[in-house]
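Trainee: Would you mind keeping the following structure in view while I ask a few things?
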Amino acid sequence: MRGAGADAGVKRGDWLLPDPFKGPGGERIRAREQWPAQREYLVGLVLRGLYGTMPPAPKTGQVAVEFLDRSPVLDGKAVFELVRLTIADTPGGVSIAFNVRVCRPANDGEPGGVLVLPNYSAPDHCCGLCIEEGMLREAVRRGYAVAGFEIDEAAPDDAERFFVSPCIRAYPGYTWHAFAVWAWLQSRVIDWLATRDCIDANRIVATGHSRFGKTALCCGLTDTRVAVTAPAGSGCGGMGSMRLQGNRFGEGHGHFERIGRMANWFPHWVVPEAAAYGSADGERPYRECEMPFDANTLAACTAPRGLIVVEGLDDGAANQFGTQTAWLAASEVYRFLGVPERCGIHYREGGHAYTPEDWSVVLDFCDAVLGGKPVHATYKTRSDGDTPVGYAWTAPTVE
């Protein structure tokens, strides 16, 4: 598995995925009632060791909402809204302001669900959202709004500018890096959306692709209002295992982004402690097996809420083998909690992109899990016949 490629003394078992049922003293939980406390313990591990510590939500009245534009779009079937959120009176005395672009169904019927995703400033895209127009039309047709928030002003994806950005200066004393900051901003958008009559606060979906897929996973595990977490092509720091690497043909095949290279190339993404577990060039396994968590831990922290993972089989950044093993290991937690149908995965042909096929699968999953609708979806959920791969434990027998 990894023994020959890593240190000579490393044994095969050391590279298996960690057990999310083990508590701080090494004891395993046995009852479903113990999961909330266990989840909080795991979230703490991940925040300290990967994302960084995060400030609490702003207080009521600390966030100002300004509507800059509202107009019909998509042949009158939808309404576009450009909104500016400003967080003032922060501990650092610095205001945080950023734009949110919303495309929602034009009808005045029942409140609908909403997919929330990070966004670069992208005015050339349909409604300024970083997805294809057909994907936007499909969401609206099914009754979902889409909300994209811009990161460039509040916390830019640039190592030099990030560490002097408004978010970092507004909340000194926290160790949060980009995925945590962007996920925190995603939660601030959810704060606002949850107050709107047109939004069903019980049908909120956190999604995103690539680095924003990593962000969506962070948001899903830290914000329990997220009903479905939908990371796409998230790779290392997301659904791709940091221990296990491989493409569609299995472990050891292909070349993927490892934690050491990611943390060195993008030092603003994750805490520096994470970089110590990988080699700087990312060309070989190093100490990833010593990390107290892995991608399956991140995914498990979304349970019992919904999780749908979408990937491309030819995506050179996604680590298909590591993603599938992490998903399978996380599904043990969903099985333990009695909701295996809320944990899904889908692979398609193709590379690194958030495609209409991915989007359709996410919407199918949301329709089934949030709306109880019968769908003929192709995503996979846990079945009793699935054999553990990449881990040597199984879910405890429920007491």
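Starting from 1 in every chain, residues are counted up; chains themselves are A, B, ... following the order of the structure tokens, and ligands are numbered from 1 as listed.
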Could you give me the residues within range 155-327 of chain A that DSSP places in alpha helix (DSSP H), as a short mmCIF file (atom, residue, chain, number, x, y, z; two decimals) with N, CA and C atoms, in the first residue's frame?

Mentor:
```cif
data_model
loop_
_atom_site.label_atom_id
_atom_site.label_comp_id
_atom_site.auth_asym_id
_atom_site.auth_seq_id
_atom_site.Cartn_x
_atom_site.Cartn_y
_atom_site.Cartn_z
N ALA A 159 -1.72 34.54 -1.67
CA ALA A 159 -1.02 34.35 -0.41
C ALA A 159 -0.60 35.66 0.25
N GLU A 160 -0.14 36.61 -0.53
CA GLU A 160 0.32 37.88 0.04
C GLU A 160 -0.86 38.74 0.49
N ARG A 161 -1.86 38.86 -0.33
CA ARG A 161 -3.00 39.72 -0.01
C ARG A 161 -3.90 39.11 1.05
N PHE A 162 -3.96 37.80 1.10
CA PHE A 162 -4.87 37.13 2.03
C PHE A 162 -4.55 37.50 3.48
N PRO A 166 -9.32 41.99 4.88
CA PRO A 166 -10.25 42.43 5.92
C PRO A 166 -10.62 41.34 6.92
N CYS A 167 -10.85 40.13 6.46
CA CYS A 167 -11.26 39.06 7.39
C CYS A 167 -10.18 38.80 8.44
N ILE A 168 -8.92 38.72 8.01
CA ILE A 168 -7.84 38.43 8.94
C ILE A 168 -7.65 39.59 9.92
N ARG A 169 -7.73 40.81 9.43
CA ARG A 169 -7.53 41.98 10.30
C ARG A 169 -8.74 42.22 11.21
N ALA A 170 -9.91 41.81 10.77
CA ALA A 170 -11.12 42.03 11.56
C ALA A 170 -11.19 41.10 12.76
N ALA A 178 -7.54 30.08 4.51
CA ALA A 178 -8.52 30.42 3.47
C ALA A 178 -9.77 29.54 3.46
N PHE A 179 -9.60 28.22 3.55
CA PHE A 179 -10.79 27.37 3.47
C PHE A 179 -11.75 27.70 4.62
N ALA A 180 -11.20 27.94 5.81
CA ALA A 180 -12.03 28.29 6.96
C ALA A 180 -12.64 29.67 6.78
N VAL A 181 -11.87 30.63 6.28
CA VAL A 181 -12.38 31.99 6.08
C VAL A 181 -13.51 31.98 5.05
N TRP A 182 -13.27 31.33 3.91
CA TRP A 182 -14.31 31.28 2.88
C TRP A 182 -15.55 30.54 3.37
N ALA A 183 -15.35 29.46 4.16
CA ALA A 183 -16.49 28.73 4.71
C ALA A 183 -17.26 29.60 5.71
N TRP A 184 -16.53 30.43 6.46
CA TRP A 184 -17.17 31.35 7.41
C TRP A 184 -18.00 32.38 6.65
N LEU A 185 -17.48 32.88 5.55
CA LEU A 185 -18.24 33.80 4.72
C LEU A 185 -19.47 33.11 4.13
N GLN A 186 -19.31 31.85 3.74
CA GLN A 186 -20.43 31.07 3.24
C GLN A 186 -21.54 30.99 4.30
N SER A 187 -21.14 30.82 5.54
CA SER A 187 -22.12 30.78 6.63
C SER A 187 -22.78 32.13 6.86
N ARG A 188 -22.05 33.22 6.59
CA ARG A 188 -22.66 34.54 6.74
C ARG A 188 -23.72 34.76 5.65
N VAL A 189 -23.49 34.22 4.48
CA VAL A 189 -24.51 34.27 3.43
C VAL A 189 -25.73 33.46 3.87
N ILE A 190 -25.49 32.33 4.49
CA ILE A 190 -26.59 31.50 5.00
C ILE A 190 -27.37 32.25 6.07
N ASP A 191 -26.66 33.00 6.94
CA ASP A 191 -27.35 33.82 7.94
C ASP A 191 -28.42 34.68 7.28
N TRP A 192 -28.01 35.36 6.21
CA TRP A 192 -28.93 36.27 5.54
C TRP A 192 -30.03 35.52 4.79
N LEU A 193 -29.66 34.48 4.06
CA LEU A 193 -30.64 33.73 3.29
C LEU A 193 -31.72 33.13 4.18
N ARG A 211 -10.92 24.14 -5.24
CA ARG A 211 -10.64 24.76 -3.94
C ARG A 211 -11.93 25.18 -3.24
N PHE A 212 -12.96 25.46 -4.02
CA PHE A 212 -14.23 25.81 -3.41
C PHE A 212 -15.04 24.57 -3.03
N GLY A 213 -14.68 23.41 -3.59
CA GLY A 213 -15.23 22.16 -3.09
C GLY A 213 -14.66 21.85 -1.72
N LYS A 214 -13.37 22.13 -1.53
CA LYS A 214 -12.75 22.00 -0.20
C LYS A 214 -13.44 22.94 0.78
N THR A 215 -13.74 24.15 0.32
CA THR A 215 -14.43 25.14 1.15
C THR A 215 -15.82 24.67 1.54
N ALA A 216 -16.57 24.12 0.57
CA ALA A 216 -17.92 23.65 0.85
C ALA A 216 -17.91 22.56 1.90
N LEU A 217 -16.90 21.68 1.85
CA LEU A 217 -16.81 20.62 2.84
C LEU A 217 -16.54 21.21 4.22
N CYS A 218 -15.69 22.23 4.29
CA CYS A 218 -15.43 22.91 5.56
C CYS A 218 -16.70 23.55 6.10
N CYS A 219 -17.46 24.19 5.22
CA CYS A 219 -18.71 24.81 5.64
C CYS A 219 -19.70 23.77 6.14
N GLY A 220 -19.79 22.66 5.43
CA GLY A 220 -20.73 21.61 5.81
C GLY A 220 -20.41 20.99 7.15
N LEU A 221 -19.13 20.88 7.49
CA LEU A 221 -18.79 20.24 8.76
C LEU A 221 -18.82 21.22 9.93
N THR A 222 -18.74 22.54 9.66
CA THR A 222 -18.75 23.51 10.75
C THR A 222 -20.12 24.16 10.96
N ILE A 259 -0.66 16.83 0.53
CA ILE A 259 -0.81 17.88 1.52
C ILE A 259 0.44 18.75 1.62
N GLY A 260 1.64 18.17 1.50
CA GLY A 260 2.86 18.96 1.61
C GLY A 260 2.99 19.97 0.48
N ARG A 261 2.77 19.53 -0.74
CA ARG A 261 2.89 20.44 -1.87
C ARG A 261 1.78 21.47 -1.85
N MET A 262 0.56 21.06 -1.54
CA MET A 262 -0.54 22.01 -1.50
C MET A 262 -0.29 23.10 -0.47
N ALA A 263 0.15 22.70 0.72
CA ALA A 263 0.37 23.67 1.79
C ALA A 263 1.57 24.57 1.52
N ASN A 264 2.53 24.10 0.73
CA ASN A 264 3.68 24.94 0.39
C ASN A 264 3.39 25.85 -0.80
N TRP A 265 2.66 25.34 -1.77
CA TRP A 265 2.32 26.16 -2.94
C TRP A 265 1.26 27.20 -2.60
N PRO A 272 -0.09 26.01 8.76
CA PRO A 272 1.25 25.51 8.46
C PRO A 272 1.56 24.17 9.10
N GLU A 273 0.88 23.85 10.22
CA GLU A 273 1.12 22.55 10.86
C GLU A 273 0.80 21.39 9.92
N ALA A 274 -0.16 21.59 9.02
CA ALA A 274 -0.52 20.52 8.10
C ALA A 274 0.60 20.22 7.12
N ALA A 275 1.38 21.24 6.76
CA ALA A 275 2.46 21.04 5.80
C ALA A 275 3.53 20.10 6.32
N ALA A 295 -9.59 12.57 5.11
CA ALA A 295 -10.78 13.07 4.42
C ALA A 295 -12.05 12.38 4.91
N ASN A 296 -11.96 11.12 5.30
CA ASN A 296 -13.15 10.45 5.81
C ASN A 296 -13.64 11.09 7.11
N THR A 297 -12.71 11.65 7.90
CA THR A 297 -13.10 12.35 9.12
C THR A 297 -13.87 13.61 8.78
N LEU A 298 -13.34 14.37 7.81
CA LEU A 298 -14.02 15.59 7.37
C LEU A 298 -15.45 15.26 6.93
N ALA A 299 -15.57 14.24 6.08
CA ALA A 299 -16.88 13.87 5.55
C ALA A 299 -17.81 13.36 6.64
N ALA A 300 -17.26 12.60 7.59
CA ALA A 300 -18.09 12.06 8.67
C ALA A 300 -18.73 13.16 9.50
N GLN A 320 -8.99 9.89 -7.36
CA GLN A 320 -10.22 9.10 -7.41
C GLN A 320 -10.23 7.95 -6.40
N PHE A 321 -9.10 7.24 -6.28
CA PHE A 321 -9.05 6.12 -5.32
C PHE A 321 -9.20 6.64 -3.90
N GLY A 322 -8.43 7.68 -3.56
CA GLY A 322 -8.50 8.22 -2.21
C GLY A 322 -9.84 8.83 -1.88
N THR A 323 -10.51 9.40 -2.87
CA THR A 323 -11.83 9.98 -2.65
C THR A 323 -12.86 8.89 -2.38
N GLN A 324 -12.81 7.82 -3.19
CA GLN A 324 -13.81 6.77 -3.01
C GLN A 324 -13.61 6.04 -1.70
N THR A 325 -12.36 5.77 -1.31
CA THR A 325 -12.15 5.09 -0.03
C THR A 325 -12.57 5.99 1.14
N ALA A 326 -12.28 7.30 1.04
CA ALA A 326 -12.70 8.22 2.10
C ALA A 326 -14.22 8.28 2.19
N TRP A 327 -14.89 8.33 1.03
CA TRP A 327 -16.35 8.35 1.02
C TRP A 327 -16.90 7.06 1.64
#
```

Trainee: Using DSSP secondary structure from the backbone, list all strand (DSSP E or B) positions within range 216-379 of chain A, as an MDAnalysis selection string.

Mentor: chainID A and resid 228:232 236 240 246:247 250:251 306:312 343:348

Trainee: I want to know what sits within 9 Å of Phe293 in chain A, based on only C-alpha atoms, with residues of the same chain fewer than 6 positions away left out; could you give that as a ChimeraX atom specification?

Mentor: /A:17-20,42,45-46,49

Trainee: Which residues, written as a VMD selection string, have at least one atom at most 12 Å from Ala303 in chain A, with only C-alpha atoms counted and residues fewer than 2 positions away on the same chain left out?

Mentor: chain A and resid 20 32 35 to 36 38 to 40 42 to 43 217 220 to 229 296 to 301 305 to 308 327 330 to 344

Trainee: Range 211-317 of chain A near range 383-395 of chain A within 10 Å: what's each residue's closest atom pair and its distance in Å to one decimal, counting only C-alpha atoms, ordered by chain then ascending residue number, as a tab-separated table?

Mentor:
```
residue	atom	partner	partner_atom	distance
A:Ser241	CA	A:Gly390	CA	9.8
A:Arg243	CA	A:Gly390	CA	9.3
A:Leu244	CA	A:Gly390	CA	7.5
A:Glu251	CA	A:Gly390	CA	9.8
```

Trainee: Just to be explicit: take each residue in the selection above, keep all heavy atoms, and write the result as an mmCIF file, in the first residue's frame.

Mentor:
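Output file again.cif is given in full below:
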```
data_model
loop_
_atom_site.group_PDB
_atom_site.id
_atom_site.type_symbol
_atom_site.label_atom_id
_atom_site.label_comp_id
_atom_site.auth_asym_id
_atom_site.auth_seq_id
_atom_site.Cartn_x
_atom_site.Cartn_y
_atom_site.Cartn_z
ATOM 1 N N SER A 241 -8.349 11.528 0.040
ATOM 2 C CA SER A 241 -7.575 11.098 1.204
ATOM 3 C C SER A 241 -6.152 11.645 1.153
ATOM 4 O O SER A 241 -5.539 11.716 0.093
ATOM 5 C CB SER A 241 -7.525 9.565 1.264
ATOM 6 O OG SER A 241 -6.570 9.129 2.223
ATOM 7 N N ARG A 243 -3.825 10.133 2.976
ATOM 8 C CA ARG A 243 -3.015 8.927 3.117
ATOM 9 C C ARG A 243 -2.980 8.105 1.829
ATOM 10 O O ARG A 243 -1.930 7.591 1.447
ATOM 11 C CB ARG A 243 -3.584 8.035 4.225
ATOM 12 C CG ARG A 243 -3.324 8.497 5.647
ATOM 13 C CD ARG A 243 -4.220 7.710 6.590
ATOM 14 N NE ARG A 243 -3.852 7.860 7.983
ATOM 15 C CZ ARG A 243 -4.160 8.899 8.743
ATOM 16 N NH1 ARG A 243 -4.838 9.913 8.212
ATOM 17 N NH2 ARG A 243 -3.819 8.929 10.019
ATOM 18 N N LEU A 244 -4.127 7.930 1.215
ATOM 19 C CA LEU A 244 -4.285 7.004 0.097
ATOM 20 C C LEU A 244 -4.402 7.778 -1.210
ATOM 21 O O LEU A 244 -5.202 8.694 -1.326
ATOM 22 C CB LEU A 244 -5.525 6.139 0.308
ATOM 23 C CG LEU A 244 -5.591 5.386 1.646
ATOM 24 C CD1 LEU A 244 -6.899 4.643 1.776
ATOM 25 C CD2 LEU A 244 -4.408 4.431 1.780
ATOM 26 N N GLU A 251 -4.909 2.313 -6.409
ATOM 27 C CA GLU A 251 -3.891 2.962 -5.606
ATOM 28 C C GLU A 251 -2.514 2.877 -6.241
ATOM 29 O O GLU A 251 -2.140 1.864 -6.823
ATOM 30 C CB GLU A 251 -3.851 2.338 -4.210
ATOM 31 C CG GLU A 251 -2.985 3.136 -3.250
ATOM 32 C CD GLU A 251 -2.778 2.420 -1.944
ATOM 33 O OE1 GLU A 251 -3.164 1.249 -1.840
ATOM 34 O OE2 GLU A 251 -2.210 3.045 -1.034
#
```

Trainee: Under the rule that only C-alpha atoms are counted, which of A:Cys198, A:Ala368, A:Leu129, A:Ile87 is the nearest residue to Ala57 in chain A?

Mentor: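 Among the listed residues, A:Ile87 lies closest to Ala57 in chain A.
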
Trainee: Identify which of the residues A:Asp197, A:Asp69, A:Ala377, A:Ala318 lies closest to Gly238 in chain A, counting only C-alpha atoms when measuring atom-to-atom distances.

Mentor: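 That would be A:Ala318, the residue with the smallest distance to Gly238 in chain A.
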